[in-house]
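Text of final.txt, listed as compact mmCIF, C-alpha atoms:
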# COMPACT_ATOMS: atom_id res chain seq x y z
CA MET G 1 126.33 23.97 24.42
CA ALA G 2 125.80 23.02 20.86
CA GLU G 3 124.11 26.26 20.01
CA MET G 4 125.91 28.91 18.10
CA ASP G 5 125.41 32.58 18.23
CA THR G 6 124.36 33.49 14.71
CA SER G 7 123.02 36.93 15.42
CA GLY G 8 125.84 38.55 13.49
CA GLY G 9 126.40 42.05 14.83
CA GLY G 10 127.27 42.83 18.42
CA GLY G 11 126.30 40.53 21.23
CA HIS G 12 124.95 43.37 23.25
CA HIS G 13 121.74 43.85 21.43
CA LYS G 14 119.67 43.18 24.50
CA LYS G 15 121.32 45.79 26.53
CA GLY G 16 120.96 49.46 26.19
CA PRO G 17 123.75 51.51 24.61
CA GLY G 18 124.85 52.85 27.98
CA VAL G 19 125.18 49.46 29.65
CA LYS G 20 128.58 48.03 28.84
CA LYS G 21 129.42 46.06 31.94
CA GLY G 22 127.78 42.74 32.58
CA LYS G 23 126.75 41.71 36.03
CA LYS G 24 129.83 40.92 38.07
CA LEU G 25 129.86 37.18 38.54
CA SER G 26 131.34 35.65 41.65
CA THR G 27 134.49 33.63 41.02
CA ARG G 28 133.56 31.20 43.76
CA VAL G 29 132.58 27.82 42.55
CA ASP G 30 130.66 25.34 44.61
CA LEU G 31 133.20 22.60 45.22
CA THR G 32 130.85 20.14 46.90
CA PRO G 33 130.41 17.90 43.83
CA MET G 34 134.17 17.88 43.31
CA VAL G 35 134.73 16.75 46.89
CA ASP G 36 132.11 14.07 46.35
CA LEU G 37 133.91 12.89 43.28
CA GLY G 38 137.25 12.93 45.08
CA PHE G 39 136.05 10.77 47.90
CA LEU G 40 134.27 8.44 45.55
CA LEU G 41 137.54 7.85 43.72
CA ILE G 42 139.41 7.36 47.00
CA THR G 43 136.91 4.72 48.05
CA PHE G 44 137.26 3.04 44.69
CA PHE G 45 141.03 2.93 44.93
CA ILE G 46 141.02 1.69 48.50
CA PHE G 47 138.80 -1.22 47.58
CA THR G 48 140.43 -2.24 44.34
CA THR G 49 144.09 -1.97 45.16
CA THR G 50 146.48 -3.62 47.51
CA MET G 51 148.81 -1.74 49.72
CA SER G 52 151.32 -4.32 50.81
CA GLN G 53 153.40 -6.36 48.46
CA PRO G 54 153.45 -10.02 49.38
CA THR G 55 156.78 -11.09 50.71
CA ALA G 56 158.50 -14.37 50.17
CA MET G 57 160.13 -16.61 52.68
CA LYS G 58 163.06 -18.63 51.41
CA LEU G 59 163.37 -22.26 52.27
CA ILE G 60 166.19 -24.44 51.12
CA LEU G 61 165.74 -28.13 51.59
CA PRO G 62 168.50 -30.62 52.08
CA LYS G 63 168.82 -33.52 49.73
CA ASP G 64 167.30 -36.71 51.01
CA THR G 65 169.91 -39.28 51.65
CA GLU G 66 169.56 -42.88 52.59
CA LYS G 67 173.16 -43.44 53.55
CA PRO G 68 173.59 -43.05 57.28
CA GLU G 69 177.13 -41.70 56.97
CA GLU G 70 175.87 -38.75 54.94
CA GLN G 71 173.11 -37.88 57.32
CA ASN G 72 173.65 -35.05 59.71
CA LYS G 73 174.23 -36.17 63.22
CA VAL G 74 172.72 -34.24 66.01
CA LYS G 75 174.01 -34.05 69.54
CA GLU G 76 171.37 -35.20 71.91
CA SER G 77 172.09 -32.44 74.38
CA GLY G 78 171.58 -29.74 71.77
CA ALA G 79 168.45 -31.07 70.10
CA LEU G 80 165.03 -29.60 70.59
CA SER G 81 162.17 -31.36 68.87
CA LEU G 82 159.03 -29.41 68.15
CA LEU G 83 155.95 -31.41 67.25
CA LEU G 84 153.07 -29.60 65.63
CA GLY G 85 149.69 -31.00 66.49
CA LYS G 86 146.13 -30.14 65.71
CA ASN G 87 144.23 -27.10 66.96
CA ASN G 88 147.42 -25.04 67.04
CA GLY G 89 149.03 -27.21 69.68
CA VAL G 90 152.78 -27.60 69.93
CA TYR G 91 154.58 -30.34 71.79
CA TYR G 92 158.26 -30.40 72.47
CA TYR G 93 160.96 -32.40 74.09
CA GLU G 94 164.68 -31.99 74.47
CA GLY G 95 167.15 -34.62 73.38
CA THR G 96 165.46 -37.97 72.92
CA LEU G 97 161.98 -38.88 73.96
CA LEU G 98 162.11 -40.76 77.24
CA PRO G 99 160.34 -44.12 77.29
CA ASP G 100 157.88 -42.94 79.91
CA GLY G 101 157.25 -39.73 78.01
CA SER G 102 158.11 -37.59 81.01
CA ASN G 103 159.99 -34.98 78.95
CA PHE G 104 157.15 -34.67 76.44
CA LYS G 105 155.62 -31.28 77.10
CA SER G 106 152.82 -29.39 75.51
CA THR G 107 152.64 -25.68 74.81
CA ASN G 108 151.27 -23.23 72.25
CA TYR G 109 152.60 -20.94 69.55
CA LYS G 110 152.98 -17.97 71.90
CA GLU G 111 154.98 -19.82 74.51
CA ILE G 112 157.15 -21.77 72.11
CA ARG G 113 159.39 -18.75 71.58
CA ASN G 114 160.44 -18.78 75.21
CA VAL G 115 161.13 -22.49 74.98
CA ILE G 116 163.40 -21.92 71.98
CA ILE G 117 165.16 -18.92 73.54
CA ASP G 118 165.62 -20.78 76.78
CA LYS G 119 167.09 -23.83 75.07
CA LYS G 120 169.30 -21.65 72.89
CA LYS G 121 170.76 -19.98 75.95
CA ARG G 122 171.52 -23.27 77.65
CA THR G 123 173.19 -24.87 74.62
CA LYS G 124 176.48 -24.36 72.86
CA PRO G 125 175.72 -22.56 69.57
CA ASP G 126 177.36 -25.31 67.53
CA ASP G 127 175.26 -28.03 69.08
CA PHE G 128 171.90 -26.33 68.95
CA VAL G 129 169.53 -27.90 66.46
CA VAL G 130 165.78 -27.60 66.25
CA VAL G 131 163.93 -30.53 64.73
CA ILE G 132 160.53 -29.54 63.39
CA LYS G 133 158.04 -32.35 63.06
CA PRO G 134 154.69 -31.26 61.71
CA GLY G 135 151.93 -33.77 62.32
CA PRO G 136 149.16 -34.63 59.87
CA ASP G 137 146.76 -32.23 61.58
CA ALA G 138 149.12 -29.27 61.63
CA THR G 139 148.16 -26.54 59.19
CA TYR G 140 150.36 -24.80 56.69
CA LYS G 141 150.14 -21.69 58.86
CA ASN G 142 151.58 -23.63 61.79
CA THR G 143 154.48 -24.80 59.66
CA VAL G 144 155.22 -21.31 58.37
CA ASP G 145 154.89 -19.88 61.87
CA ILE G 146 157.43 -22.30 63.24
CA LEU G 147 159.82 -21.70 60.35
CA ASP G 148 159.35 -18.00 60.99
CA GLU G 149 160.15 -18.58 64.63
CA MET G 150 163.50 -19.96 63.49
CA THR G 151 164.19 -16.67 61.70
CA ILE G 152 162.97 -14.60 64.62
CA ASN G 153 165.17 -16.37 67.13
CA GLU G 154 168.05 -16.77 64.70
CA VAL G 155 168.25 -20.49 64.92
CA LYS G 156 170.95 -21.40 62.45
CA ARG G 157 170.32 -25.10 62.21
CA TYR G 158 166.92 -26.63 61.94
CA ALA G 159 165.43 -29.56 60.10
CA MET G 160 162.00 -30.60 59.03
CA VAL G 161 161.40 -34.26 59.70
CA ASP G 162 158.40 -36.56 59.69
CA LEU G 163 156.88 -37.71 62.93
CA PHE G 164 157.87 -41.04 64.32
CA PRO G 165 154.93 -43.35 65.00
CA ILE G 166 155.65 -43.23 68.72
CA GLU G 167 155.60 -39.46 68.76
CA ARG G 168 152.37 -39.48 66.88
CA GLN G 169 150.85 -41.80 69.45
CA MET G 170 151.98 -39.52 72.25
CA MET G 171 150.50 -36.55 70.47
CA VAL G 172 147.18 -38.24 69.89
CA ALA G 173 147.11 -39.35 73.51
CA THR G 174 147.83 -35.84 74.75
CA GLU G 175 145.23 -34.36 72.48
CA GLY G 176 142.72 -36.70 74.05
CA GLY G 177 142.01 -38.51 70.83
CA GLY G 178 142.37 -41.96 72.32
CA PRO G 179 143.77 -43.99 75.16
CA MET G 180 147.39 -43.57 76.13
CA PRO G 181 149.33 -46.13 74.15
CA ALA G 182 151.83 -48.40 75.70
CA VAL G 183 155.24 -47.03 74.91
CA PRO G 184 157.70 -49.68 73.77
CA ALA G 185 160.95 -49.22 75.56
CA ALA G 186 163.02 -49.72 72.42
CA ALA G 187 161.43 -46.90 70.48
CA PRO G 188 163.65 -43.95 71.42
CA ALA G 189 166.72 -45.85 70.33
CA ALA G 190 165.45 -45.52 66.74
CA ALA G 191 165.48 -41.77 66.93
CA PRO G 192 168.28 -40.36 64.76
CA ALA G 193 168.59 -37.44 67.14
CA ALA G 194 170.53 -39.76 69.40
CA GLY G 195 173.69 -39.43 67.35
CA GLN G 196 176.98 -38.35 68.82
CA MET M 1 113.37 45.99 75.26
CA PRO M 2 115.53 46.08 72.22
CA LYS M 3 115.74 42.88 70.32
CA VAL M 4 119.18 41.48 69.80
CA LYS M 5 119.45 40.70 66.18
CA LEU M 6 121.80 37.94 65.35
CA PRO M 7 123.22 38.21 61.90
CA ARG M 8 122.09 35.30 59.83
CA LYS M 9 125.05 33.18 58.95
CA SER M 10 125.35 31.40 55.70
CA THR M 11 125.33 27.61 55.90
CA ALA M 12 127.56 27.29 52.87
CA VAL M 13 131.02 26.11 53.88
CA ASP M 14 134.09 26.73 51.85
CA MET M 15 134.77 23.39 50.24
CA THR M 16 138.17 24.24 48.81
CA ALA M 17 140.14 22.85 51.72
CA MET M 18 138.17 19.64 51.82
CA CYS M 19 138.58 19.27 48.11
CA ASP M 20 142.32 19.66 48.51
CA VAL M 21 142.43 16.96 51.15
CA ALA M 22 140.32 14.61 49.08
CA PHE M 23 142.53 14.88 46.06
CA LEU M 24 145.70 14.71 48.09
CA LEU M 25 144.51 11.42 49.55
CA LEU M 26 143.46 10.27 46.14
CA SER M 27 146.86 10.90 44.64
CA PHE M 28 148.49 9.18 47.61
CA PHE M 29 146.43 6.06 47.11
CA ILE M 30 146.96 6.02 43.39
CA LEU M 31 150.70 6.29 43.77
CA THR M 32 151.28 3.90 46.65
CA THR M 33 148.98 1.06 45.78
CA LYS M 34 148.84 -1.51 43.10
CA PHE M 35 145.80 -3.09 41.54
CA LYS M 36 144.87 -6.39 43.02
CA PRO M 37 145.64 -9.07 40.50
CA ALA M 38 142.56 -11.02 39.58
CA GLU M 39 142.80 -14.13 41.66
CA ALA M 40 141.09 -17.20 40.48
CA LEU M 41 141.93 -19.06 43.65
CA ALA M 42 141.17 -17.46 46.95
CA VAL M 43 144.06 -18.04 49.33
CA THR M 44 144.85 -16.32 52.62
CA THR M 45 148.57 -16.53 53.14
CA PRO M 46 150.19 -16.75 56.57
CA LYS M 47 152.37 -13.98 57.96
CA SER M 48 156.10 -14.00 58.34
CA VAL M 49 158.84 -11.57 59.32
CA SER M 50 160.47 -11.97 55.93
CA THR M 51 160.97 -8.67 54.17
CA ASN M 52 162.13 -9.50 50.68
CA PRO M 53 159.33 -9.00 48.18
CA ALA M 54 158.02 -11.94 46.22
CA GLU M 55 159.26 -12.24 42.66
CA GLN M 56 156.83 -11.28 39.94
CA LYS M 57 158.52 -12.56 36.82
CA ASN M 58 159.25 -16.05 35.57
CA VAL M 59 157.16 -17.44 38.35
CA VAL M 60 156.10 -21.04 38.68
CA LEU M 61 153.46 -20.99 41.35
CA ILE M 62 152.12 -23.87 43.36
CA THR M 63 148.96 -22.93 45.21
CA MET M 64 147.41 -24.80 48.10
CA ASP M 65 143.87 -23.84 48.95
CA SER M 66 142.19 -24.12 52.33
CA LYS M 67 141.17 -27.72 51.67
CA GLY M 68 144.74 -28.67 50.82
CA LYS M 69 144.12 -29.05 47.09
CA VAL M 70 147.08 -28.22 44.93
CA TYR M 71 147.11 -26.10 41.79
CA PHE M 72 149.86 -25.34 39.34
CA SER M 73 150.30 -22.14 37.35
CA VAL M 74 152.93 -20.20 35.45
CA SER M 75 153.16 -16.40 35.30
CA ASP M 76 152.04 -14.70 32.11
CA ASP M 77 155.37 -13.21 31.13
CA ALA M 78 156.86 -16.66 30.59
CA MET M 79 154.76 -17.51 27.54
CA GLU M 80 157.31 -19.64 25.75
CA GLU M 81 157.98 -21.69 28.84
CA LYS M 82 154.27 -22.11 29.38
CA GLN M 83 153.93 -23.48 25.88
CA THR M 84 156.86 -25.83 26.41
CA ILE M 85 155.40 -27.11 29.65
CA ILE M 86 151.99 -27.94 28.23
CA ASP M 87 153.53 -29.51 25.12
CA GLU M 88 155.83 -31.65 27.16
CA VAL M 89 153.16 -32.82 29.58
CA ASN M 90 150.83 -33.48 26.66
CA GLN M 91 153.42 -35.61 24.96
CA GLN M 92 154.59 -37.38 28.06
CA LYS M 93 151.19 -38.31 29.36
CA ALA M 94 149.60 -38.79 25.90
CA LEU M 95 146.77 -36.41 26.74
CA ASN M 96 145.84 -35.74 23.08
CA LEU M 97 145.22 -32.08 23.71
CA SER M 98 144.10 -30.03 20.75
CA ASP M 99 145.64 -26.65 20.00
CA ALA M 100 142.54 -24.93 21.35
CA GLU M 101 142.85 -26.80 24.61
CA LYS M 102 146.51 -25.87 24.87
CA LYS M 103 145.53 -22.25 24.24
CA SER M 104 143.26 -22.50 27.23
CA PHE M 105 146.32 -23.12 29.40
CA MET M 106 148.15 -20.26 27.67
CA ARG M 107 145.61 -17.61 28.55
CA SER M 108 146.23 -15.18 31.34
CA GLY M 109 145.55 -16.37 34.87
CA SER M 110 145.12 -19.99 33.93
CA TYR M 111 145.89 -22.77 36.35
CA ILE M 112 145.78 -26.53 36.47
CA GLY M 113 143.70 -28.08 39.19
CA VAL M 114 142.80 -31.55 37.98
CA PRO M 115 144.49 -34.91 37.52
CA PHE M 116 145.71 -35.84 34.04
CA SER M 117 142.64 -38.00 33.49
CA GLN M 118 140.43 -34.90 33.53
CA MET M 119 142.81 -32.54 31.77
CA LYS M 120 141.11 -32.65 28.39
CA SER M 121 137.68 -31.75 29.66
CA PHE M 122 139.11 -29.21 32.13
CA LEU M 123 140.98 -27.32 29.44
CA SER M 124 137.96 -27.21 27.15
CA MET M 125 136.01 -25.23 29.75
CA THR M 126 135.81 -21.47 30.06
CA PRO M 127 137.31 -19.65 33.07
CA ASP M 128 133.78 -19.10 34.38
CA GLN M 129 133.19 -22.80 34.42
CA TRP M 130 136.57 -23.27 36.10
CA SER M 131 135.61 -21.15 39.01
CA LYS M 132 132.31 -22.96 39.45
CA LEU M 133 133.80 -26.41 39.04
CA ASP M 134 134.56 -28.41 42.15
CA LYS M 135 138.20 -28.93 41.29
CA PRO M 136 139.85 -32.03 42.71
CA GLY M 137 143.35 -30.53 42.63
CA ILE M 138 146.51 -32.14 41.33
CA PRO M 139 147.15 -35.48 43.05
CA ILE M 140 150.17 -35.33 45.35
CA ASP M 141 150.03 -38.70 47.08
CA SER M 142 153.33 -40.46 47.35
CA ALA M 143 152.05 -43.22 45.06
CA ASN M 144 150.68 -40.89 42.38
CA ASN M 145 152.39 -37.55 42.59
CA GLU M 146 151.32 -35.80 39.40
CA LEU M 147 152.76 -32.51 40.54
CA GLN M 148 156.12 -34.13 40.10
CA VAL M 149 155.43 -34.44 36.36
CA TRP M 150 154.46 -30.79 36.17
CA MET M 151 157.53 -29.72 38.04
CA ARG M 152 159.77 -31.80 35.82
CA ALA M 153 158.22 -30.16 32.76
CA ALA M 154 158.64 -26.72 34.34
CA ASN M 155 162.21 -27.47 35.26
CA SER M 156 163.16 -28.40 31.71
CA ALA M 157 161.18 -25.52 30.19
CA PHE M 158 163.00 -22.98 32.34
CA GLN M 159 166.43 -24.33 31.54
CA GLY M 160 168.71 -21.41 30.84
CA SER M 161 166.48 -18.83 32.44
CA LYS M 162 165.91 -18.25 36.09
CA MET M 163 162.81 -19.87 37.46
CA ASN M 164 161.22 -18.44 40.56
CA LEU M 165 159.52 -21.24 42.34
CA LEU M 166 156.86 -19.92 44.66
CA ILE M 167 154.52 -21.74 46.97
CA LYS M 168 151.40 -20.01 48.07
CA GLY M 169 149.54 -21.83 50.74
CA ASP M 170 146.39 -21.08 52.65
CA ASN M 171 146.49 -20.81 56.42
CA GLU M 172 144.10 -23.71 56.73
CA ALA M 173 145.88 -26.08 54.39
CA LYS M 174 147.04 -29.17 56.23
CA TYR M 175 150.66 -30.15 56.45
CA PRO M 176 150.34 -33.39 54.41
CA SER M 177 149.58 -31.43 51.25
CA PHE M 178 152.59 -29.21 51.88
CA LYS M 179 154.63 -32.35 52.35
CA GLY M 180 153.30 -33.70 49.06
CA VAL M 181 154.43 -30.52 47.34
CA ILE M 182 157.86 -30.70 48.96
CA ASP M 183 158.16 -34.34 47.89
CA ALA M 184 157.33 -33.42 44.29
CA LEU M 185 160.06 -30.79 44.37
CA LYS M 186 162.61 -33.01 46.07
CA ARG M 187 162.12 -35.76 43.55
CA ASN M 188 163.04 -33.29 40.84
CA ASP M 189 166.10 -32.14 42.78
CA MET M 190 164.57 -28.72 43.31
CA PHE M 191 165.58 -27.70 46.78
CA LYS M 192 165.19 -23.96 46.68
CA PHE M 193 161.82 -22.35 46.80
CA GLN M 194 160.03 -19.44 48.36
CA MET M 195 156.79 -19.26 50.24
CA ILE M 196 154.55 -16.29 49.71
CA THR M 197 153.60 -14.63 52.97
CA ASP M 198 152.20 -11.38 54.24
CA PRO M 199 154.69 -9.08 55.90
CA GLU M 200 154.77 -8.78 59.65
CA GLY M 201 157.09 -6.90 61.98
CA ALA M 202 159.65 -8.73 64.07
CA PRO M 203 158.36 -9.13 67.64
CA PRO M 204 160.18 -6.95 70.17
CA GLY M 205 162.70 -8.52 72.48
CA THR M 206 163.77 -11.29 70.13
CA ALA M 207 167.14 -11.87 68.53
CA LEU M 208 165.90 -10.75 65.12
CA TYR M 209 164.37 -7.59 66.54
CA GLU M 210 167.60 -6.69 68.24
CA ARG M 211 169.55 -7.26 65.08
CA LEU M 212 167.22 -5.07 63.05
CA ASN M 213 166.58 -2.29 65.54
CA GLY M 214 169.26 -2.80 68.12
CA PRO M 215 172.25 -0.64 69.02
CA THR M 216 174.33 0.36 66.03
CA GLN M 217 177.67 0.44 67.85
CA PRO M 218 179.17 -2.49 65.94
CA ALA M 219 178.61 -0.61 62.70
CA ALA M 220 180.23 2.54 64.09
CA LYS M 221 183.41 0.62 64.91
CA GLN M 222 184.20 -0.10 61.30
Any chance you could give the structure as structure tokens?
Amino acid sequence: MAEMDTSGGGGHHKKGPGVKKGKKLSTRVDLTPMVDLGFLLITFFIFTTTMSQPTAMKLILPKDTEKPEEQNKVKESGALSLLLGKNNGVYYYEGTLLPDGSNFKSTNYKEIRNVIIDKKKRTKPDDFVVVIKPGPDATYKNTVDILDEMTINEVKRYAMVDLFPIERQMMVATEGGGPMPAVPAAAPAAAPAAGQ
Amino acid sequence: MPKVKLPRKSTAVDMTAMCDVAFLLLSFFILTTKFKPAEALAVTTPKSVSTNPAEQKNVVLITMDSKGKVYFSVSDDAMEEKQTIIDEVNQQKALNLSDAEKKSFMRSGSYIGVPFSQMKSFLSMTPDQWSKLDKPGIPIDSANNELQVWMRAANSAFQGSKMNLLIKGDNEAKYPSFKGVIDALKRNDMFKFQMITDPEGAPPGTALYERLNGPTQPAAKQ
């Protein structure tokens, strides 16, 4: 490669005067190493790059307000409360929680869609509100999944609220974390979902 | 008996076609993909049906890792704002940061993952030490919500320019840390934010699916 032909005169000194044509070389090149290189690069690019752009989910929070007259009132008939528990458990009830807890039902993230669709069908669109109450053991994924469920089912009005102590007790009891607590009869009256 | 002579076939295969395929695939991957940004914090984001891509510029990012620890970072294109934020927090909390320590926050891919009490020693470390360090995260309890201070600083630094507030949470992060983050935002009157998720198709048979893929008659009417 770095050598230079310094022989001066013609380059055909090795050949006889009658031999002008060199040996006909094949134009075929062995492409195996090139294929190797190609696939090596493909592998490299597959491992080092990302295909999908991350997407972003918008969430707009309402302003916290202490004044009861500024708080949104929810019709009891149109409210569906979803409680997110541990181990991907979801609990729900419609309207207010009954003192005996008989309308407190448990489900999972696959079934919850049917619950929402079902409730949406039975309710006037203006009255339908979903109240999302993630518990302390719910994961971020659970929260995003439920918010996503709102988008999927086109729920226009939903709110994220903290659990009431009574609901938390019910959840713990259902999850088998402790004995069933005595439910004070006055508790559901404190629920703001009982507005007119 | 005459022997049947099979002509000896060459084992060499023509590689041209395979070479073509390889380079076609290569060019496809080069053109359609993007390099993974170096991520100091490993986070697996949940999936959502949202389709709008996450913003890349002027980003203020709050990260929640799988243990629910919270980190704060600013994208690299907003250098001036980054400087303003660290200056303001330094002044407000009397952290006595040196210029070198502030530089440490300015460098690419930096993040804050410690309470103010450990800021000085955290910023004097190298990124290698950061990744090895067992970071406590920014406190977000309701009594001591330090993220609130960071968000206030970010809010005032981005005055006049659009700030893209992103939250990137791990699947396993518990809700209380998300609530702590929301509280920090609410206390600064920041009500709009976006959560980074991985794309996912709308499930068939739902209202969203029908709207996206359903009959197009309503459009034809107009």
For CA of Thr55 in chain G and CA of Gln148 in chain M, determine how far apart the two atoms are, in Å to one decimal place.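 These two atoms are separated by 25.4 Å.
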Which residues of chain G are close to chain M, meaning at most 6 Å apart when you count all atoms listed in the file, and how do they look as a ChimeraX atom specification? /G:31,35,38-39,42,49-51,54-61,136,138-141,148,152-153
Figure out the distance between CA of Leu97 in chain M and CA of Ser121 in chain M, please, to one decimal in Å.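 Computed distance, CA of Ser121 in chain M to CA of Leu97 in chain M, equals 9.6 Å.
Here CA of Leu95 in chain M stands at a distance of 28.3 Å from CA of Ala42 in chain M.
With all atoms listed in the file as the atoms that count, the minimum distance from Asn142 in chain G to the choices G:Tyr91, G:Phe164, G:Phe128, G:Tyr109 is reached by G:Tyr109.
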